[in-house]
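K.L.:
Okay, handing you the structure first.
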Amino acid sequence: MKEELRVALVQTSLFWEDPEKNRIAFSEKLKEIPSNTDIIVLPEMFISGFTMSPAKMSEEEGPRTLEWMQKVASEKNMALVGSMPYQENGTYSNRLFFVQANGNYAQYDKRHTFTLAGEDKVYVAGRERLVVDYKGFRICPLICYDLRFPVWARNTVDYDVLLYVANWPTPRVEAWDTLLKARAIENMSYCIGVNRIGADDLGHQYSGHSAVYDCLGAQLIFSQKEEICYATLSKAHVKKTREKLRFLEDRDTFTLVG
């Protein structure tokens, strides 16, 4: 149990559909992360870029990358979070793993597949949210396009941190900025967004804008370049703000169906 959580946001370009190159590159980048860090967050599909052709990669790349995440988490003694194309039972999911230092992990399959890019034709949508209890903080990790759907993110379970990993393109980055801040304010939680930068092989440009907002919508960090950013989250700040303002007590009740 900790009163503060130190988070590293890894904003970087990605090698297109080349898991091995990406694992090697991340292994080097993560060496600079200091030992007082609690969680490392990587972008969406960090082993491939936002590919709609996961079959071009070996089906072993998913399990191999999960093993790599467990190894890194153990060596760094911190949690590692990111999503990847993952094949299981003959189907693909855009699957996020939250891997802890002891090797234990939780997983979340992207609920809202991005129909504009045909993601719904390639990847099976998830049906359940994930909340991870980690060092005294309750963390709800989601993926990219999920950001546009506030009902799915609604804080009905008293999480402290909402976390998005993404490949969010430059032409719509203003929506990314706006929605991250909105999700923090409406859910009275920290909201973290980790996006990639650079260009993919389909010609899409990414300008980063990885950021952290507190439970009142104040921006704690923001970046538009290749770098690792750090933010410290305070459990006391969330608790004090919620006890003073009590907005979550007036939230609507509902049940998600389907």
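In the structure tokens, chains take letters A, B, ... by order of appearance, with residues numbered from 1 within each chain and ligands from 1 in the order shown.
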I'd like the contact shell of range 150-164 of chain A - 6 Å cut-off, only C-alpha atoms, skipping same-chain residues fewer than 3 positions apart - returned as a list in words.

P.N.:
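Final neighbour list, sorted by chain and number: Arg138, Ile139, Cys140, Pro141, Leu142, Ile143, Asn187, Ser189, Tyr190, Cys191, Ile192 and Gly193 of chain A.
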
K.L.:
Could you save the residues just selected, with N, CA and C atoms, as a PDB file, in the first residue's frame?

P.N.:
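The result, written out as part.pdb:
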```
ATOM      1  N   ARG A 138      -6.660   1.743  -7.202  1.00  0.00           N
ATOM      2  CA  ARG A 138      -7.532   0.988  -8.102  1.00  0.00           C
ATOM      3  C   ARG A 138      -7.413   1.603  -9.484  1.00  0.00           C
ATOM      4  N   ILE A 139      -6.986   0.789 -10.467  1.00  0.00           N
ATOM      5  CA  ILE A 139      -6.648   1.277 -11.799  1.00  0.00           C
ATOM      6  C   ILE A 139      -7.534   0.597 -12.834  1.00  0.00           C
ATOM      7  N   CYS A 140      -8.153   1.413 -13.708  1.00  0.00           N
ATOM      8  CA  CYS A 140      -9.001   0.896 -14.785  1.00  0.00           C
ATOM      9  C   CYS A 140      -8.322   1.182 -16.124  1.00  0.00           C
ATOM     10  N   PRO A 141      -7.704   0.174 -16.750  1.00  0.00           N
ATOM     11  CA  PRO A 141      -7.033   0.376 -18.038  1.00  0.00           C
ATOM     12  C   PRO A 141      -7.973   0.143 -19.212  1.00  0.00           C
ATOM     13  N   LEU A 142      -7.932   1.061 -20.184  1.00  0.00           N
ATOM     14  CA  LEU A 142      -8.740   0.956 -21.402  1.00  0.00           C
ATOM     15  C   LEU A 142      -7.854   1.245 -22.609  1.00  0.00           C
ATOM     16  N   ILE A 143      -8.424   1.134 -23.813  1.00  0.00           N
ATOM     17  CA  ILE A 143      -7.604   1.209 -25.022  1.00  0.00           C
ATOM     18  C   ILE A 143      -8.186   2.187 -26.035  1.00  0.00           C
ATOM     19  N   ASN A 187     -15.180  11.601 -13.824  1.00  0.00           N
ATOM     20  CA  ASN A 187     -15.006  10.415 -12.982  1.00  0.00           C
ATOM     21  C   ASN A 187     -14.237  10.700 -11.695  1.00  0.00           C
ATOM     22  N   SER A 189     -11.165  11.143 -11.092  1.00  0.00           N
ATOM     23  CA  SER A 189     -10.016  10.251 -10.972  1.00  0.00           C
ATOM     24  C   SER A 189      -8.855  10.833 -11.773  1.00  0.00           C
ATOM     25  N   TYR A 190      -7.672  10.317 -11.519  1.00  0.00           N
ATOM     26  CA  TYR A 190      -6.574  10.611 -12.435  1.00  0.00           C
ATOM     27  C   TYR A 190      -6.909   9.980 -13.776  1.00  0.00           C
ATOM     28  N   CYS A 191      -6.493  10.636 -14.857  1.00  0.00           N
ATOM     29  CA  CYS A 191      -6.650  10.057 -16.184  1.00  0.00           C
ATOM     30  C   CYS A 191      -5.309  10.153 -16.902  1.00  0.00           C
ATOM     31  N   ILE A 192      -4.798   8.999 -17.308  1.00  0.00           N
ATOM     32  CA  ILE A 192      -3.513   8.890 -17.993  1.00  0.00           C
ATOM     33  C   ILE A 192      -3.755   8.477 -19.434  1.00  0.00           C
ATOM     34  N   GLY A 193      -3.108   9.143 -20.371  1.00  0.00           N
ATOM     35  CA  GLY A 193      -3.177   8.751 -21.769  1.00  0.00           C
ATOM     36  C   GLY A 193      -1.785   8.623 -22.349  1.00  0.00           C
TER      37      GLY A 193
END
```

K.L.:
Which value, in Å to one decimal, gives the distance between CA of Val131 in chain A and CA of Gly82 in chain A?

P.N.:
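Pair CA of Val131 in chain A / CA of Gly82 in chain A returns 14.8 Å.
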
K.L.:
Which residue, A:Arg64, A:Lys2, A:Glu59, A:Phe46, has the smallest gap to Asn89 in chain A when you use only C-alpha atoms?

P.N.:
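Ranking A:Arg64, A:Lys2, A:Glu59, A:Phe46 by distance to Asn89 in chain A, first place goes to A:Glu59.
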
K.L.:
Find the residue from A:Gly203, A:Pro85, A:Pro34, A:Gly208 that sits nearest to Asn167 in chain A; use only C-alpha atoms when measuring.

P.N.:
A:Gly208

K.L.:
Produce a table with one row for each residue of range 168-246 of chain A that has an atom at most 10 Å from any atom of range 19-33 of chain A, each row naming the nearest atom pair and its distance in Å at one decimal; use only C-alpha atoms; arrange rows by chain and rising residue number; format as CSV.

P.N.:
```
residue,atom,partner,partner_atom,distance
A:Glu227,CA,A:Lys29,CA,9.1
A:Ile228,CA,A:Ile33,CA,8.1
A:Cys229,CA,A:Ile33,CA,9.7
A:Tyr230,CA,A:Ile33,CA,9.4
```

K.L.:
Residues as selected, C-alpha atoms, written as an mmCIF file, in the first residue's frame, can you do that?

P.N.:
```cif
data_model
loop_
_atom_site.group_PDB
_atom_site.id
_atom_site.type_symbol
_atom_site.label_atom_id
_atom_site.label_comp_id
_atom_site.auth_asym_id
_atom_site.auth_seq_id
_atom_site.Cartn_x
_atom_site.Cartn_y
_atom_site.Cartn_z
ATOM 1 C CA GLU A 227 10.552 10.732 -24.447
ATOM 2 C CA ILE A 228 9.615 9.040 -21.207
ATOM 3 C CA CYS A 229 7.493 11.267 -18.975
ATOM 4 C CA TYR A 230 6.876 10.827 -15.258
#
```

K.L.:
Name the residues in contact with range 115-125 of chain A at a cut-off of 6 Å, using only C-alpha atoms, excluding same-chain residues fewer than 3 positions from it; report them as a compact mmCIF listing (two decimals) with N, CA and C atoms, in the first residue's frame.

P.N.:
```
# COMPACT_ATOMS: atom_id res chain seq x y z
N TYR A 92 -8.38 -13.10 -33.00
CA TYR A 92 -7.46 -12.07 -32.52
C TYR A 92 -8.21 -11.08 -31.63
N SER A 93 -7.51 -10.61 -30.62
CA SER A 93 -7.99 -9.53 -29.76
C SER A 93 -6.92 -8.46 -29.67
N LYS A 110 -9.90 -4.87 -25.78
CA LYS A 110 -10.50 -3.60 -26.20
C LYS A 110 -11.98 -3.78 -26.51
N ARG A 111 -12.81 -3.00 -25.84
CA ARG A 111 -14.26 -3.13 -25.99
C ARG A 111 -14.75 -2.50 -27.28
```

K.L.:
Rounded to one decimal in Å, what is the spacing between CA of Ala231 in chain A and CA of Glu4 in chain A?

P.N.:
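Calculated distance between CA of Ala231 in chain A and CA of Glu4 in chain A is 10.0 Å.
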
K.L.:
What's around Leu96 in chain A at 6 Å? Count only C-alpha atoms, leave out sequence neighbours fewer than 3 positions away in its own chain, and write the answer as a PyMOL selection string.

P.N.:
chain A and resi 82-83+107-108

K.L.:
Could you take the residues named above and write them with N, CA and C atoms, as a PDB file, in the first residue's frame?

P.N.:
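Output contents, as saved in selection.pdb:
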```pdb
ATOM      1  N   GLY A  82       0.603  -2.484 -21.418  1.00  0.00           N
ATOM      2  CA  GLY A  82       0.550  -2.173 -22.847  1.00  0.00           C
ATOM      3  C   GLY A  82      -0.339  -3.186 -23.548  1.00  0.00           C
ATOM      4  N   SER A  83      -0.762  -2.871 -24.785  1.00  0.00           N
ATOM      5  CA  SER A  83      -1.607  -3.814 -25.522  1.00  0.00           C
ATOM      6  C   SER A  83      -0.884  -4.330 -26.757  1.00  0.00           C
ATOM      7  N   GLN A 107      -5.693  -9.076 -17.724  1.00  0.00           N
ATOM      8  CA  GLN A 107      -5.819  -8.726 -19.137  1.00  0.00           C
ATOM      9  C   GLN A 107      -7.173  -8.092 -19.428  1.00  0.00           C
ATOM     10  N   TYR A 108      -7.171  -7.251 -20.455  1.00  0.00           N
ATOM     11  CA  TYR A 108      -8.382  -6.567 -20.896  1.00  0.00           C
ATOM     12  C   TYR A 108      -8.387  -6.526 -22.415  1.00  0.00           C
TER      13      TYR A 108
END
```

K.L.:
For range 73-78 of chain A, work out the shell of residues within 7 Å, counting only C-alpha atoms and skipping chain neighbours fewer than 2 positions away, then give it as a PyMOL selection string.

P.N.:
chain A and resi 35+37-39+69-71+80+99-103

K.L.:
Output N, CA, C and O atoms for every residue in the selection just made, as a tab-separated table (two decimals), in the first residue's frame.

P.N.:
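Result saved to selection_10.tsv:
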```
chain	number	residue	atom	x	y	z
A	35	SER	N	14.53	3.45	-10.48
A	35	SER	CA	14.03	2.36	-9.66
A	35	SER	C	12.85	2.74	-8.77
A	35	SER	O	12.17	1.86	-8.24
A	37	THR	N	10.16	4.04	-9.77
A	37	THR	CA	8.95	4.00	-10.61
A	37	THR	C	8.10	2.78	-10.21
A	37	THR	O	8.63	1.72	-9.90
A	38	ASP	N	6.79	2.96	-10.23
A	38	ASP	CA	5.87	1.87	-9.88
A	38	ASP	C	5.24	1.21	-11.10
A	38	ASP	O	5.03	0.00	-11.11
A	39	ILE	N	4.94	2.00	-12.13
A	39	ILE	CA	4.26	1.48	-13.32
A	39	ILE	C	4.88	2.09	-14.57
A	39	ILE	O	5.10	3.31	-14.63
A	69	MET	N	7.29	-9.13	-21.21
A	69	MET	CA	6.75	-8.18	-20.23
A	69	MET	C	6.98	-8.68	-18.80
A	69	MET	O	7.36	-7.90	-17.92
A	70	GLN	N	6.79	-9.97	-18.57
A	70	GLN	CA	7.03	-10.53	-17.24
A	70	GLN	C	8.49	-10.43	-16.85
A	70	GLN	O	8.81	-10.12	-15.70
A	71	LYS	N	9.37	-10.65	-17.80
A	71	LYS	CA	10.81	-10.56	-17.54
A	71	LYS	C	11.21	-9.13	-17.19
A	71	LYS	O	11.92	-8.90	-16.21
A	80	LEU	N	4.22	-3.35	-15.68
A	80	LEU	CA	4.36	-2.97	-17.08
A	80	LEU	C	3.00	-3.15	-17.75
A	80	LEU	O	2.36	-4.20	-17.60
A	99	VAL	N	1.00	-6.31	-16.14
A	99	VAL	CA	1.91	-7.34	-15.61
A	99	VAL	C	2.64	-6.80	-14.39
A	99	VAL	O	3.27	-5.73	-14.45
A	100	GLN	N	2.58	-7.53	-13.29
A	100	GLN	CA	3.25	-7.10	-12.07
A	100	GLN	C	4.62	-7.77	-11.93
A	100	GLN	O	4.95	-8.73	-12.64
A	101	ALA	N	5.43	-7.27	-11.02
A	101	ALA	CA	6.81	-7.71	-10.87
A	101	ALA	C	6.92	-9.19	-10.51
A	101	ALA	O	7.92	-9.85	-10.85
A	102	ASN	N	5.90	-9.73	-9.84
A	102	ASN	CA	5.94	-11.15	-9.46
A	102	ASN	C	5.49	-12.08	-10.58
A	102	ASN	O	5.40	-13.29	-10.39
A	103	GLY	N	5.20	-11.51	-11.76
A	103	GLY	CA	4.79	-12.31	-12.90
A	103	GLY	C	3.29	-12.43	-13.07
A	103	GLY	O	2.81	-12.84	-14.13
```

K.L.:
Distance CA of Leu9 in chain A-CA of Val165 in chain A, one decimal place?

P.N.:
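A separation of 9.7 Å between them.
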
K.L.:
Apply DSSP to the structure's backbone, then extract all residues of range 15-255 of chain A labelled helix (DSSP H, G or I) and return them as a PyMOL selection string.

P.N.:
chain A and resi 19-32+54-56+61-76+115-117+119-122+144-148+150-153+170-187+235-245+247-250

K.L.:
Please return as an mmCIF file with N, CA and C atoms, in the first residue's frame: the residues of range 48-258 of chain A that backbone DSSP assigns to strand (DSSP E or B).

P.N.:
```
data_model
loop_
_atom_site.group_PDB
_atom_site.id
_atom_site.type_symbol
_atom_site.label_atom_id
_atom_site.label_comp_id
_atom_site.auth_asym_id
_atom_site.auth_seq_id
_atom_site.Cartn_x
_atom_site.Cartn_y
_atom_site.Cartn_z
ATOM 1 N N ALA A 79 5.453 -2.623 -12.351
ATOM 2 C CA ALA A 79 4.432 -3.130 -13.270
ATOM 3 C C ALA A 79 4.659 -2.588 -14.675
ATOM 4 N N LEU A 80 4.219 -3.350 -15.676
ATOM 5 C CA LEU A 80 4.358 -2.974 -17.081
ATOM 6 C C LEU A 80 2.996 -3.153 -17.751
ATOM 7 N N VAL A 81 2.555 -2.123 -18.490
ATOM 8 C CA VAL A 81 1.225 -2.127 -19.099
ATOM 9 C C VAL A 81 1.324 -1.774 -20.577
ATOM 10 N N GLY A 82 0.603 -2.484 -21.418
ATOM 11 C CA GLY A 82 0.550 -2.173 -22.847
ATOM 12 C C GLY A 82 -0.339 -3.186 -23.548
ATOM 13 N N SER A 83 -0.762 -2.871 -24.785
ATOM 14 C CA SER A 83 -1.607 -3.814 -25.522
ATOM 15 C C SER A 83 -0.884 -4.330 -26.757
ATOM 16 N N MET A 84 -1.402 -5.435 -27.299
ATOM 17 C CA MET A 84 -0.804 -6.076 -28.467
ATOM 18 C C MET A 84 -1.858 -6.882 -29.201
ATOM 19 N N PRO A 85 -1.640 -7.194 -30.481
ATOM 20 C CA PRO A 85 -2.510 -8.173 -31.146
ATOM 21 C C PRO A 85 -2.245 -9.548 -30.523
ATOM 22 N N TYR A 86 -3.292 -10.220 -30.096
ATOM 23 C CA TYR A 86 -3.108 -11.495 -29.404
ATOM 24 C C TYR A 86 -4.054 -12.532 -29.992
ATOM 25 N N GLN A 87 -3.461 -13.645 -30.431
ATOM 26 C CA GLN A 87 -4.255 -14.719 -31.021
ATOM 27 C C GLN A 87 -4.558 -15.775 -29.980
ATOM 28 N N GLU A 88 -5.819 -16.174 -29.941
ATOM 29 C CA GLU A 88 -6.245 -17.209 -28.997
ATOM 30 C C GLU A 88 -7.476 -17.904 -29.556
ATOM 31 N N THR A 91 -8.864 -16.715 -32.963
ATOM 32 C CA THR A 91 -9.313 -15.337 -33.159
ATOM 33 C C THR A 91 -8.287 -14.371 -32.575
ATOM 34 N N TYR A 92 -8.381 -13.099 -33.002
ATOM 35 C CA TYR A 92 -7.463 -12.071 -32.518
ATOM 36 C C TYR A 92 -8.205 -11.077 -31.631
ATOM 37 N N SER A 93 -7.505 -10.608 -30.618
ATOM 38 C CA SER A 93 -7.994 -9.528 -29.765
ATOM 39 C C SER A 93 -6.921 -8.465 -29.671
ATOM 40 N N ASN A 94 -7.339 -7.224 -29.493
ATOM 41 C CA ASN A 94 -6.423 -6.146 -29.120
ATOM 42 C C ASN A 94 -6.375 -6.189 -27.607
ATOM 43 N N ARG A 95 -5.392 -6.890 -27.075
ATOM 44 C CA ARG A 95 -5.391 -7.272 -25.655
ATOM 45 C C ARG A 95 -4.351 -6.495 -24.855
ATOM 46 N N LEU A 96 -4.809 -5.892 -23.796
ATOM 47 C CA LEU A 96 -3.931 -5.189 -22.863
ATOM 48 C C LEU A 96 -3.561 -6.122 -21.719
ATOM 49 N N PHE A 97 -2.284 -6.092 -21.353
ATOM 50 C CA PHE A 97 -1.810 -6.836 -20.191
ATOM 51 C C PHE A 97 -1.287 -5.866 -19.142
ATOM 52 N N PHE A 98 -1.688 -6.097 -17.906
ATOM 53 C CA PHE A 98 -1.149 -5.376 -16.750
ATOM 54 C C PHE A 98 -0.323 -6.399 -15.978
ATOM 55 N N VAL A 99 1.004 -6.314 -16.137
ATOM 56 C CA VAL A 99 1.907 -7.336 -15.610
ATOM 57 C C VAL A 99 2.642 -6.798 -14.388
ATOM 58 N N TYR A 105 -0.471 -11.376 -13.839
ATOM 59 C CA TYR A 105 -0.972 -10.386 -14.787
ATOM 60 C C TYR A 105 -2.487 -10.448 -14.884
ATOM 61 N N ALA A 106 -3.061 -9.322 -15.299
ATOM 62 C CA ALA A 106 -4.481 -9.239 -15.625
ATOM 63 C C ALA A 106 -4.578 -8.780 -17.072
ATOM 64 N N GLN A 107 -5.693 -9.076 -17.724
ATOM 65 C CA GLN A 107 -5.819 -8.726 -19.137
ATOM 66 C C GLN A 107 -7.173 -8.092 -19.428
ATOM 67 N N TYR A 108 -7.171 -7.251 -20.455
ATOM 68 C CA TYR A 108 -8.382 -6.567 -20.896
ATOM 69 C C TYR A 108 -8.387 -6.526 -22.415
ATOM 70 N N ASP A 109 -9.487 -6.964 -23.027
ATOM 71 C CA ASP A 109 -9.644 -6.898 -24.478
ATOM 72 C C ASP A 109 -10.428 -5.641 -24.839
ATOM 73 N N TYR A 123 -10.536 -7.974 -35.160
ATOM 74 C CA TYR A 123 -10.347 -8.262 -33.740
ATOM 75 C C TYR A 123 -11.693 -8.429 -33.039
ATOM 76 N N VAL A 132 -7.708 -3.098 -11.666
ATOM 77 C CA VAL A 132 -6.578 -3.738 -11.005
ATOM 78 C C VAL A 132 -6.288 -3.021 -9.698
ATOM 79 N N ASP A 133 -6.217 -3.779 -8.611
ATOM 80 C CA ASP A 133 -5.775 -3.223 -7.329
ATOM 81 C C ASP A 133 -4.265 -3.352 -7.266
ATOM 82 N N TYR A 134 -3.587 -2.203 -7.211
ATOM 83 C CA TYR A 134 -2.127 -2.217 -7.273
ATOM 84 C C TYR A 134 -1.558 -1.187 -6.310
ATOM 85 N N PHE A 137 -3.872 1.481 -5.025
ATOM 86 C CA PHE A 137 -4.614 2.240 -6.029
ATOM 87 C C PHE A 137 -5.464 1.290 -6.861
ATOM 88 N N ARG A 138 -6.660 1.743 -7.202
ATOM 89 C CA ARG A 138 -7.532 0.988 -8.102
ATOM 90 C C ARG A 138 -7.413 1.603 -9.484
ATOM 91 N N ILE A 139 -6.986 0.789 -10.467
ATOM 92 C CA ILE A 139 -6.648 1.277 -11.799
ATOM 93 C C ILE A 139 -7.534 0.597 -12.834
ATOM 94 N N CYS A 140 -8.153 1.413 -13.708
ATOM 95 C CA CYS A 140 -9.001 0.896 -14.785
ATOM 96 C C CYS A 140 -8.322 1.182 -16.124
ATOM 97 N N PRO A 141 -7.704 0.174 -16.750
ATOM 98 C CA PRO A 141 -7.033 0.376 -18.038
ATOM 99 C C PRO A 141 -7.973 0.143 -19.212
ATOM 100 N N LEU A 142 -7.932 1.061 -20.184
ATOM 101 C CA LEU A 142 -8.740 0.956 -21.402
ATOM 102 C C LEU A 142 -7.854 1.245 -22.609
ATOM 103 N N ILE A 143 -8.424 1.134 -23.813
ATOM 104 C CA ILE A 143 -7.604 1.209 -25.022
ATOM 105 C C ILE A 143 -8.186 2.187 -26.035
ATOM 106 N N VAL A 161 -7.651 5.621 -10.803
ATOM 107 C CA VAL A 161 -6.884 5.957 -11.998
ATOM 108 C C VAL A 161 -7.549 5.339 -13.215
ATOM 109 N N LEU A 162 -7.793 6.161 -14.230
ATOM 110 C CA LEU A 162 -8.265 5.707 -15.534
ATOM 111 C C LEU A 162 -7.075 5.813 -16.484
ATOM 112 N N LEU A 163 -6.786 4.745 -17.210
ATOM 113 C CA LEU A 163 -5.552 4.687 -17.994
ATOM 114 C C LEU A 163 -5.866 4.252 -19.423
ATOM 115 N N TYR A 164 -5.424 5.057 -20.401
ATOM 116 C CA TYR A 164 -5.633 4.731 -21.816
ATOM 117 C C TYR A 164 -4.294 4.562 -22.524
ATOM 118 N N VAL A 165 -4.148 3.457 -23.267
ATOM 119 C CA VAL A 165 -3.015 3.293 -24.183
ATOM 120 C C VAL A 165 -3.562 3.473 -25.588
ATOM 121 N N TYR A 190 -7.672 10.317 -11.519
ATOM 122 C CA TYR A 190 -6.574 10.611 -12.435
ATOM 123 C C TYR A 190 -6.909 9.980 -13.776
ATOM 124 N N CYS A 191 -6.493 10.636 -14.857
ATOM 125 C CA CYS A 191 -6.650 10.057 -16.184
ATOM 126 C C CYS A 191 -5.309 10.153 -16.902
ATOM 127 N N ILE A 192 -4.798 8.999 -17.308
ATOM 128 C CA ILE A 192 -3.513 8.890 -17.993
ATOM 129 C C ILE A 192 -3.755 8.477 -19.434
ATOM 130 N N GLY A 193 -3.108 9.143 -20.371
ATOM 131 C CA GLY A 193 -3.177 8.751 -21.769
ATOM 132 C C GLY A 193 -1.785 8.623 -22.349
ATOM 133 N N VAL A 194 -1.456 7.449 -22.893
ATOM 134 C CA VAL A 194 -0.140 7.222 -23.504
ATOM 135 C C VAL A 194 -0.337 6.930 -24.982
ATOM 136 N N ILE A 197 4.168 8.297 -31.220
ATOM 137 C CA ILE A 197 4.502 9.372 -32.144
ATOM 138 C C ILE A 197 5.025 8.763 -33.441
ATOM 139 N N GLY A 198 5.339 9.630 -34.421
ATOM 140 C CA GLY A 198 5.910 9.163 -35.682
ATOM 141 C C GLY A 198 4.852 8.810 -36.705
ATOM 142 N N ALA A 199 5.238 8.014 -37.692
ATOM 143 C CA ALA A 199 4.342 7.604 -38.769
ATOM 144 C C ALA A 199 4.357 6.086 -38.896
ATOM 145 N N GLN A 205 0.001 9.693 -39.302
ATOM 146 C CA GLN A 205 0.915 10.440 -38.453
ATOM 147 C C GLN A 205 0.392 10.476 -37.018
ATOM 148 N N TYR A 206 1.322 10.425 -36.076
ATOM 149 C CA TYR A 206 0.971 10.442 -34.660
ATOM 150 C C TYR A 206 1.839 11.478 -33.950
ATOM 151 N N SER A 207 1.198 12.353 -33.179
ATOM 152 C CA SER A 207 1.929 13.455 -32.550
ATOM 153 C C SER A 207 2.003 13.346 -31.039
ATOM 154 N N SER A 210 0.768 12.536 -25.103
ATOM 155 C CA SER A 210 0.603 11.760 -23.875
ATOM 156 C C SER A 210 0.494 12.733 -22.710
ATOM 157 N N ALA A 211 -0.387 12.419 -21.766
ATOM 158 C CA ALA A 211 -0.676 13.385 -20.712
ATOM 159 C C ALA A 211 -1.225 12.683 -19.477
ATOM 160 N N VAL A 212 -1.197 13.421 -18.370
ATOM 161 C CA VAL A 212 -1.833 12.990 -17.126
ATOM 162 C C VAL A 212 -2.647 14.161 -16.589
ATOM 163 N N TYR A 213 -3.896 13.888 -16.226
ATOM 164 C CA TYR A 213 -4.775 14.878 -15.611
ATOM 165 C C TYR A 213 -5.172 14.391 -14.219
ATOM 166 N N GLN A 219 -3.828 19.559 -15.706
ATOM 167 C CA GLN A 219 -2.851 18.800 -16.483
ATOM 168 C C GLN A 219 -1.529 18.752 -15.724
ATOM 169 N N LEU A 220 -1.063 17.536 -15.436
ATOM 170 C CA LEU A 220 0.176 17.352 -14.688
ATOM 171 C C LEU A 220 1.378 17.212 -15.597
ATOM 172 N N ILE A 221 1.222 16.519 -16.724
ATOM 173 C CA ILE A 221 2.287 16.417 -17.722
ATOM 174 C C ILE A 221 1.670 16.380 -19.110
ATOM 175 N N PHE A 222 2.488 16.733 -20.098
ATOM 176 C CA PHE A 222 2.040 16.745 -21.485
ATOM 177 C C PHE A 222 3.287 16.698 -22.361
ATOM 178 N N SER A 223 3.259 15.882 -23.420
ATOM 179 C CA SER A 223 4.450 15.751 -24.262
ATOM 180 C C SER A 223 4.082 15.573 -25.727
ATOM 181 N N GLU A 227 9.974 10.658 -25.782
ATOM 182 C CA GLU A 227 10.552 10.732 -24.447
ATOM 183 C C GLU A 227 9.757 9.861 -23.484
ATOM 184 N N ILE A 228 10.318 9.685 -22.308
ATOM 185 C CA ILE A 228 9.615 9.040 -21.207
ATOM 186 C C ILE A 228 9.263 10.117 -20.202
ATOM 187 N N CYS A 229 7.972 10.257 -19.915
ATOM 188 C CA CYS A 229 7.493 11.267 -18.975
ATOM 189 C C CYS A 229 7.120 10.599 -17.651
ATOM 190 N N TYR A 230 7.161 11.375 -16.586
ATOM 191 C CA TYR A 230 6.876 10.827 -15.258
ATOM 192 C C TYR A 230 5.833 11.667 -14.544
ATOM 193 N N ALA A 231 4.962 10.995 -13.826
ATOM 194 C CA ALA A 231 3.967 11.682 -13.010
ATOM 195 C C ALA A 231 3.822 10.941 -11.686
ATOM 196 N N THR A 232 3.575 11.687 -10.629
ATOM 197 C CA THR A 232 3.331 11.104 -9.319
ATOM 198 C C THR A 232 1.876 11.321 -8.942
ATOM 199 N N LEU A 233 1.172 10.232 -8.684
ATOM 200 C CA LEU A 233 -0.248 10.276 -8.344
ATOM 201 C C LEU A 233 -0.413 10.155 -6.834
ATOM 202 N N SER A 234 -1.308 10.951 -6.271
ATOM 203 C CA SER A 234 -1.505 10.988 -4.822
ATOM 204 C C SER A 234 -2.863 10.414 -4.439
#
```

K.L.:
With a distance cut-off of 8 Å and only C-alpha atoms, select the neighbouring residues of Thr51 in chain A, excluding the residue or stretch itself and same-chain residues fewer than 3 positions from it, and output the selection as an mmCIF file with N, CA, C and O atoms, in the first residue's frame.

P.N.:
```cif
data_model
loop_
_atom_site.group_PDB
_atom_site.id
_atom_site.type_symbol
_atom_site.label_atom_id
_atom_site.label_comp_id
_atom_site.auth_asym_id
_atom_site.auth_seq_id
_atom_site.Cartn_x
_atom_site.Cartn_y
_atom_site.Cartn_z
ATOM 1 N N TRP A 16 6.927 -1.072 -37.698
ATOM 2 C CA TRP A 16 5.688 -1.607 -38.264
ATOM 3 C C TRP A 16 5.717 -3.136 -38.359
ATOM 4 O O TRP A 16 6.589 -3.714 -39.016
ATOM 5 N N GLU A 17 4.805 -3.765 -37.655
ATOM 6 C CA GLU A 17 4.598 -5.219 -37.715
ATOM 7 C C GLU A 17 5.892 -6.001 -37.482
ATOM 8 O O GLU A 17 6.127 -7.039 -38.103
ATOM 9 N N SER A 48 3.688 -3.727 -32.750
ATOM 10 C CA SER A 48 3.369 -3.811 -34.179
ATOM 11 C C SER A 48 2.910 -2.517 -34.827
ATOM 12 O O SER A 48 2.906 -2.415 -36.061
ATOM 13 N N PRO A 54 -2.788 -8.806 -38.350
ATOM 14 C CA PRO A 54 -2.016 -9.517 -37.324
ATOM 15 C C PRO A 54 -1.522 -10.885 -37.782
ATOM 16 O O PRO A 54 -0.531 -11.399 -37.254
#
```

K.L.:
Find the residue from A:Phe15, A:Trp68, A:Phe254, A:Trp176 that sits nearest to Cys144 in chain A; use only C-alpha atoms when measuring.

P.N.:
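Of A:Phe15, A:Trp68, A:Phe254, A:Trp176, the one nearest Cys144 in chain A is A:Trp176, counting only C-alpha atoms.
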